[in-house]
>>> print(open('coords_19.cif').read())   # mmCIF, C-alpha atoms
data_upload
loop_
_atom_site.label_atom_id
_atom_site.label_comp_id
_atom_site.auth_asym_id
_atom_site.auth_seq_id
_atom_site.Cartn_x
_atom_site.Cartn_y
_atom_site.Cartn_z
CA MET A 50 27.83 -8.73 19.26
CA LEU A 51 29.97 -6.22 17.36
CA LYS A 52 33.72 -6.65 17.79
CA ALA A 53 35.30 -3.42 19.04
CA PRO A 54 38.04 -2.46 21.50
CA PRO A 55 36.75 -2.72 25.11
CA PRO A 56 37.45 0.96 25.93
CA LEU A 57 35.46 2.00 22.85
CA ILE A 58 32.54 -0.25 23.83
CA TYR A 59 32.58 1.15 27.37
CA TYR A 60 32.55 4.81 26.37
CA LEU A 61 30.02 4.35 23.56
CA SER A 62 27.54 1.92 25.14
CA GLU A 63 28.37 0.83 28.69
CA HIS A 64 29.14 4.12 30.43
CA PRO A 65 26.71 4.74 33.33
CA SER A 66 25.56 8.01 31.77
CA ILE A 67 24.57 6.11 28.61
CA VAL A 68 23.03 3.03 30.21
CA GLY A 69 21.11 5.10 32.76
CA PHE A 70 19.91 7.79 30.34
CA ARG A 71 16.26 8.80 30.53
CA TRP A 72 14.57 11.43 28.36
CA SER A 73 13.02 13.88 30.78
CA HIS A 74 11.67 17.42 30.43
CA ALA A 75 13.17 18.28 33.80
CA GLN A 76 16.60 16.66 33.46
CA SER A 77 17.45 16.62 29.73
CA TRP A 78 18.66 19.92 28.29
CA GLY A 79 16.49 21.10 25.41
CA ALA A 80 13.79 18.51 26.12
CA THR A 81 10.80 20.87 26.30
CA TRP A 82 8.39 21.93 23.57
CA SER A 83 9.04 25.58 24.38
CA PHE A 84 12.79 25.13 23.82
CA LEU A 85 12.18 23.35 20.51
CA PHE A 86 9.83 25.99 19.10
CA SER A 87 11.87 28.94 20.37
CA SER A 88 15.06 27.46 18.91
CA ILE A 89 13.53 26.87 15.50
CA ALA A 90 11.94 30.33 15.53
CA SER A 91 15.28 31.93 16.47
CA TYR A 92 17.00 30.02 13.67
CA LEU A 93 14.47 31.19 11.10
CA LEU A 94 14.52 34.81 12.31
CA LEU A 95 18.32 34.95 12.36
CA SER A 96 18.54 33.54 8.85
CA LEU A 97 15.95 36.00 7.53
CA PHE A 98 17.65 38.90 9.34
CA LEU A 99 21.04 38.11 7.80
CA HIS A 100 19.55 37.73 4.35
CA LEU A 101 17.53 40.95 4.52
CA SER A 102 20.44 42.90 6.00
CA LEU A 103 22.76 41.92 3.17
CA THR A 104 20.04 42.67 0.63
CA LEU A 105 19.28 46.13 2.06
CA PHE A 106 22.94 47.12 2.20
CA ARG A 107 23.36 45.76 -1.36
CA ARG A 108 26.50 43.89 -0.52
CA HIS A 109 27.27 41.85 -3.61
CA ARG A 110 30.58 40.37 -2.53
CA PRO A 111 30.74 37.43 -0.14
CA ILE A 112 31.71 38.30 3.43
CA PRO A 113 35.06 36.71 4.33
CA ILE A 114 34.51 34.25 7.16
CA GLY A 115 37.86 32.49 7.04
CA PRO A 116 38.03 28.80 7.96
CA LEU A 117 34.56 28.69 9.59
CA PRO A 118 32.94 26.60 6.80
CA ALA A 119 35.77 24.07 6.90
CA LEU A 120 35.68 23.88 10.71
CA HIS A 121 31.90 23.45 10.69
CA SER A 122 32.13 20.66 8.11
CA LEU A 123 34.87 18.92 10.09
CA SER A 124 32.93 19.14 13.36
CA MET A 125 29.75 17.83 11.71
CA SER A 126 31.61 14.93 10.12
CA LEU A 127 33.32 13.91 13.39
CA THR A 128 30.07 14.29 15.33
CA SER A 129 28.23 12.13 12.81
CA VAL A 130 30.91 9.43 12.95
CA THR A 131 30.71 9.38 16.74
CA ILE A 132 26.91 9.11 16.77
CA PHE A 133 26.98 6.41 14.10
CA ALA A 134 29.49 4.31 16.03
CA GLY A 135 27.73 4.93 19.33
CA ILE A 136 24.24 3.99 18.21
CA LEU A 137 25.53 0.99 16.22
CA ILE A 138 27.34 -0.50 19.24
CA SER A 139 24.52 0.47 21.59
CA THR A 140 21.91 -1.13 19.34
CA ALA A 141 23.82 -4.41 19.35
CA ALA A 142 24.05 -4.26 23.16
CA GLU A 143 20.36 -3.35 23.49
CA ILE A 144 19.29 -6.25 21.29
CA ARG A 145 21.49 -8.59 23.33
CA ASP A 146 20.01 -7.41 26.65
CA THR A 147 16.32 -7.14 25.72
CA ARG A 148 15.85 -9.86 23.12
CA TRP A 149 14.44 -12.23 25.73
CA PHE A 150 11.42 -9.92 25.98
CA TRP A 151 10.45 -9.71 22.29
CA ARG A 152 12.28 -12.56 20.51
CA ARG A 153 9.08 -14.65 20.14
CA SER A 154 7.31 -11.91 18.22
CA LYS A 155 10.08 -10.03 16.39
CA THR A 156 13.39 -10.45 14.63
CA PRO A 157 16.18 -7.88 15.27
CA LEU A 158 15.36 -6.12 11.97
CA GLU A 159 11.69 -5.92 12.93
CA TRP A 160 12.69 -4.50 16.31
CA LEU A 161 14.73 -1.81 14.55
CA LEU A 162 11.73 -0.85 12.45
CA CYS A 163 8.99 -1.41 15.02
CA PHE A 164 9.56 -0.86 18.73
CA PRO A 165 7.24 -2.92 20.99
CA LEU A 166 4.26 -1.05 22.40
CA GLY A 167 5.09 0.58 25.72
CA THR A 168 8.75 1.31 24.91
CA ARG A 169 10.12 4.11 27.08
CA PRO A 170 12.72 6.69 25.94
CA SER A 171 15.53 5.47 28.16
CA GLY A 172 18.75 3.53 27.81
CA ARG A 173 21.58 3.38 25.31
CA VAL A 174 19.72 3.83 22.04
CA PHE A 175 17.79 6.85 23.25
CA PHE A 176 20.95 8.44 24.64
CA TRP A 177 22.39 8.54 21.13
CA SER A 178 19.06 9.65 19.76
CA TYR A 179 19.30 12.56 22.21
CA VAL A 180 22.84 13.36 21.05
CA TYR A 181 21.59 13.28 17.45
CA TYR A 182 18.79 15.70 18.41
CA LEU A 183 21.33 18.12 19.90
CA SER A 184 23.53 17.83 16.82
CA ARG A 185 20.68 19.21 14.71
CA PHE A 186 21.34 22.63 16.22
CA LEU A 187 25.00 22.40 15.18
CA HIS A 188 23.71 21.45 11.74
CA MET A 189 21.69 24.70 11.60
CA PHE A 190 24.86 26.81 11.67
CA ARG A 191 25.43 25.91 8.04
CA THR A 192 22.61 28.23 6.93
CA PRO A 193 24.15 31.51 8.25
CA LEU A 194 27.48 30.48 6.72
CA ILE A 195 25.81 29.96 3.35
CA ILE A 196 24.08 33.35 3.58
CA LEU A 197 27.31 35.17 4.47
CA ARG A 198 29.33 33.47 1.73
CA ARG A 199 26.83 33.35 -1.11
CA ARG A 200 24.14 35.90 -0.14
CA ARG A 201 21.55 33.26 -0.90
CA LEU A 202 18.71 32.05 1.30
CA SER A 203 17.09 28.76 0.31
CA PHE A 204 13.64 27.91 1.61
CA PHE A 205 14.59 24.24 1.20
CA HIS A 206 17.51 24.60 3.61
CA LEU A 207 15.39 26.42 6.18
CA LEU A 208 12.65 23.81 6.09
CA ASN A 209 15.08 20.89 5.95
CA HIS A 210 16.95 21.93 9.11
CA SER A 211 13.75 22.85 10.94
CA ILE A 212 12.04 19.56 10.11
CA SER A 213 15.15 17.59 11.05
CA ALA A 214 15.22 19.14 14.55
CA PHE A 215 11.46 18.74 15.00
CA ALA A 216 11.43 15.11 13.84
CA SER A 217 14.33 14.11 16.10
CA PHE A 218 12.46 15.67 19.05
CA LEU A 219 9.38 13.58 18.20
CA TRP A 220 11.50 10.42 18.13
CA LEU A 221 12.44 10.98 21.76
CA GLU A 222 9.18 12.40 23.03
CA PHE A 223 7.08 9.50 21.73
CA SER A 224 9.69 6.68 21.59
CA GLN A 225 9.00 6.50 17.88
CA SER A 226 9.73 3.35 15.93
CA PHE A 227 12.25 3.36 13.06
CA GLN A 228 14.47 6.05 14.61
CA VAL A 229 17.50 3.75 15.04
CA LEU A 230 17.76 3.02 11.33
CA ALA A 231 16.99 6.63 10.49
CA ILE A 232 19.87 7.84 12.67
CA LEU A 233 22.25 5.21 11.31
CA PHE A 234 21.51 6.15 7.69
CA ALA A 235 21.53 9.89 8.37
CA THR A 236 24.80 9.97 10.35
CA LEU A 237 26.54 7.76 7.79
CA VAL A 238 25.51 10.10 4.98
CA TYR A 239 26.33 13.24 6.99
CA ALA A 240 29.76 11.87 7.86
CA LEU A 241 30.52 11.36 4.17
CA VAL A 242 28.94 14.60 2.95
CA TYR A 243 30.61 16.85 5.52
CA ALA A 244 33.95 15.10 5.12
CA TYR A 245 33.66 15.84 1.40
CA ARG A 246 32.74 19.47 2.12
CA PHE A 247 35.73 19.79 4.43
CA TRP A 248 37.91 18.24 1.73
CA THR A 249 36.82 20.83 -0.84
CA ALA A 250 36.80 23.73 1.68
CA ILE A 251 40.53 23.33 2.30
CA GLY A 252 41.18 23.56 -1.43
CA LEU A 253 41.40 19.93 -2.49
CA ARG A 254 39.86 18.69 -5.70
CA GLY A 255 36.20 17.71 -5.65
CA ALA A 256 34.50 14.73 -7.29
CA CYS A 257 33.68 14.69 -10.98
CA PHE A 258 30.02 13.94 -10.20
CA PRO A 259 27.47 15.51 -7.80
CA PHE A 260 28.63 13.60 -4.71
CA VAL A 261 26.46 15.45 -2.18
CA LEU A 262 23.34 15.11 -4.32
CA ASN A 263 23.86 11.38 -4.78
CA CYS A 264 24.26 10.92 -1.02
CA GLN A 265 21.05 12.87 -0.38
CA ILE A 266 19.15 10.76 -2.89
CA ALA A 267 20.47 7.55 -1.29
CA LEU A 268 19.37 8.80 2.16
CA LEU A 269 15.89 9.62 0.91
CA ALA A 270 15.58 6.20 -0.73
CA CYS A 271 16.59 4.43 2.52
CA ASN A 272 14.10 6.50 4.52
CA VAL A 273 11.27 5.73 2.12
CA ALA A 274 12.07 2.00 2.27
CA CYS A 275 12.06 2.09 6.10
CA HIS A 276 8.76 3.97 6.21
CA VAL A 277 7.21 1.32 3.98
CA GLY A 278 8.54 -1.37 6.33
CA VAL A 279 7.03 0.35 9.39
CA PHE A 280 3.69 0.70 7.59
CA PHE A 281 3.41 -3.00 6.81
CA LEU A 282 4.66 -4.14 10.22
CA HIS A 283 2.20 -1.94 12.07
CA PHE A 284 -0.92 -2.42 9.98
CA PHE A 285 -0.56 -5.94 8.59
CA PHE A 286 1.91 -8.12 10.52
CA LYS A 287 2.95 -7.33 14.09
CA GLY A 288 -0.13 -5.68 15.53
CA GLY A 289 1.31 -2.36 16.55
CA CYS A 290 4.48 -0.27 16.66
CA ASN A 291 5.26 2.22 19.39
CA GLY A 292 4.86 5.94 18.63
CA ILE A 293 2.83 5.38 15.48
CA GLY A 294 1.05 8.73 15.80
CA ALA A 295 4.37 10.57 15.75
CA TRP A 296 5.45 8.33 12.86
CA VAL A 297 2.42 9.40 10.80
CA PHE A 298 3.18 13.06 11.47
CA ASN A 299 6.82 12.38 10.58
CA CYS A 300 5.69 10.89 7.29
CA VAL A 301 3.82 14.09 6.46
CA LEU A 302 6.92 16.16 7.24
CA ASN A 303 9.13 13.87 5.15
CA LEU A 304 6.67 14.03 2.26
CA ALA A 305 6.81 17.83 2.34
CA LEU A 306 10.60 17.67 2.47
CA LEU A 307 10.72 15.19 -0.41
CA THR A 308 8.53 17.48 -2.53
CA LEU A 309 10.78 20.45 -1.83
CA PHE A 310 13.90 18.38 -2.54
CA LEU A 311 12.58 17.27 -5.92
CA ASN A 312 11.64 20.85 -6.76
CA PHE A 313 15.10 22.02 -5.64
CA TYR A 314 16.77 19.30 -7.69
CA VAL A 315 14.81 20.15 -10.84
CA ARG A 316 15.60 23.86 -10.56
CA MET A 317 19.27 23.51 -9.62
CA TYR A 318 20.49 20.54 -11.67
CA VAL A 319 18.04 19.79 -14.46
CA GLY A 320 17.90 23.50 -15.30
CA LYS A 321 21.70 23.70 -15.44
CA ARG A 322 21.86 20.70 -17.78
CA ARG A 323 19.37 22.30 -20.14
CA MET A 324 21.36 25.53 -20.14
CA LEU A 325 24.58 23.66 -20.92
CA ARG A 326 22.88 21.79 -23.76
CA GLY A 327 21.72 25.11 -25.16
CA VAL A 328 25.16 26.71 -24.87
CA THR A 329 27.05 23.84 -26.53
CA PRO A 330 25.41 24.17 -30.01
CA ALA A 331 25.87 27.95 -29.85
CA LEU A 332 29.58 27.54 -29.18
CA SER A 333 29.86 25.05 -32.00
#
>>> encode(input="coords_19.cif", output="structure tokens")
Amino acid sequence: MLKAPPPLIYYLSEHPSIVGFRWSHAQSWGATWSFLFSSIASYLLLSLFLHLSLTLFRRHRPIPIGPLPALHSLSMSLTSVTIFAGILISTAAEIRDTRWFWRRSKTPLEWLLCFPLGTRPSGRVFFWSYVYYLSRFLHMFRTPLIILRRRRLSFFHLLNHSISAFASFLWLEFSQSFQVLAILFATLVYALVYAYRFWTAIGLRGACFPFVLNCQIALLACNVACHVGVFFLHFFFKGGCNGIGAWVFNCVLNLALLTLFLNFYVRMYVGKRRMLRGVTPALS
């Protein structure tokens, strides 16, 4: 059991609202397919509208938006820290309370990767998965801020935020395996990345290396390793993981996202390095 102050344990894992949580289309806000698709469609349309409006009016200077980017980064970092702490403490409590049911067939790590068949989306872990799902809509606000500041619309950002919201909905809807580790890795990285963005947004000096890019690469590597673990546990060792159909669809989405990320990386960073190498001899 993780050692933490009793009030923190109560409010992050033992509160009645957390222990008694149940994912329900009727009771959970935003838990319907219509809400998911309409929200993603609204996000895409708003982003395209802002981009096209600025292009048509030929506004070349960034629109001043004051401290909004810094406030968004700070709120995302604090939200990610809260979700990380909540799901970490709740996972330890859930393993403690339910291990009697699956201890003969799984280790705690195997349970994190591969939920037993018949797992329902209720309880502590799924409460924080639900909070993570809602936080994806806060995450989407970064795109309009980027458009207003830089007048640039990236297809990678649009697809990344849309897939993130869609995938987190699938985790809840189908009690998908592997989501606990995915949320732990993602919230840890988001906490660091958005804290760094807040740090630079208020005028402090940034890192001398691509900090955000390195964090994104580390997150992708952890996700790939976990997907490989789920694959072997389901098909070769433990005879079945819950929500495997949603996991397969999630793999397809992540593969598309990985392809776009690599393409984005090559264009943004490898291209810049080649340009700098070409400029250096000319200056000499």
>>> residues_around(input="coords_19.cif", residues="Ala235 in chain A", least_positions_apart="3", cutoff="9 Å", atoms="all atoms listed in the file", output="ChimeraX atom specification")
/A:129,133,230-232,238-240,268
>>> closest_residue(input="coords_19.cif", among="A:Arg173, A:Ser124, A:Ser83, A:Tyr182", to="Ile144 in chain A", atoms="only C-alpha atoms")
A:Arg173
>>> closest_residue(input="coords_19.cif", among="A:Leu197, A:Trp220, A:Gly69, A:Leu282", to="Ser102 in chain A", atoms="all atoms listed in the file")
A:Leu197
>>> atom_distance(input="coords_19.cif", atom1="CA of Thr140 in chain A", atom2="CA of Thr156 in chain A")
13.5 Å
>>> residues_around(input="coords_19.cif", residues="Pro165 in chain A", least_positions_apart="4", cutoff="9 Å", atoms="all atoms listed in the file", output="list in words")
Trp151, Lys155, Trp160, Ser226, Gly289, Cys290 and Asn291 of chain A
>>> write_last_selection(input="coords_19.cif", atoms="C-alpha atoms", output="compact mmCIF listing (two decimals), keeping the file's coordinate frame")
# COMPACT_ATOMS: atom_id res chain seq x y z
CA TRP A 151 10.45 -9.71 22.29
CA LYS A 155 10.08 -10.03 16.39
CA TRP A 160 12.69 -4.50 16.31
CA SER A 226 9.73 3.35 15.93
CA GLY A 289 1.31 -2.36 16.55
CA CYS A 290 4.48 -0.27 16.66
CA ASN A 291 5.26 2.22 19.39
>>> residues_around(input="coords_19.cif", residues="Tyr59 in chain A", least_positions_apart="3", cutoff="12 Å", atoms="all atoms listed in the file", output="VMD selection string")
chain A and resid 53 to 56 62 to 68 135 138 to 139 142 173
>>> closest_residue(input="coords_19.cif", among="A:Val180, A:Ala214, A:Ala267, A:Ala250", to="Ile132 in chain A", atoms="only C-alpha atoms")
A:Val180
>>> atom_distance(input="coords_19.cif", atom1="CA of Pro111 in chain A", atom2="CA of Arg199 in chain A")
5.7 Å
>>> residues_around(input="coords_19.cif", residues="Glu159 in chain A", least_positions_apart="4", cutoff="9 Å", atoms="all atoms listed in the file", output="PyMOL selection string")
chain A and resi 155+163-164+278-279+282+287
>>> atom_distance(input="coords_19.cif", atom1="CA of Leu241 in chain A", atom2="CA of Arg198 in chain A")
22.3 Å
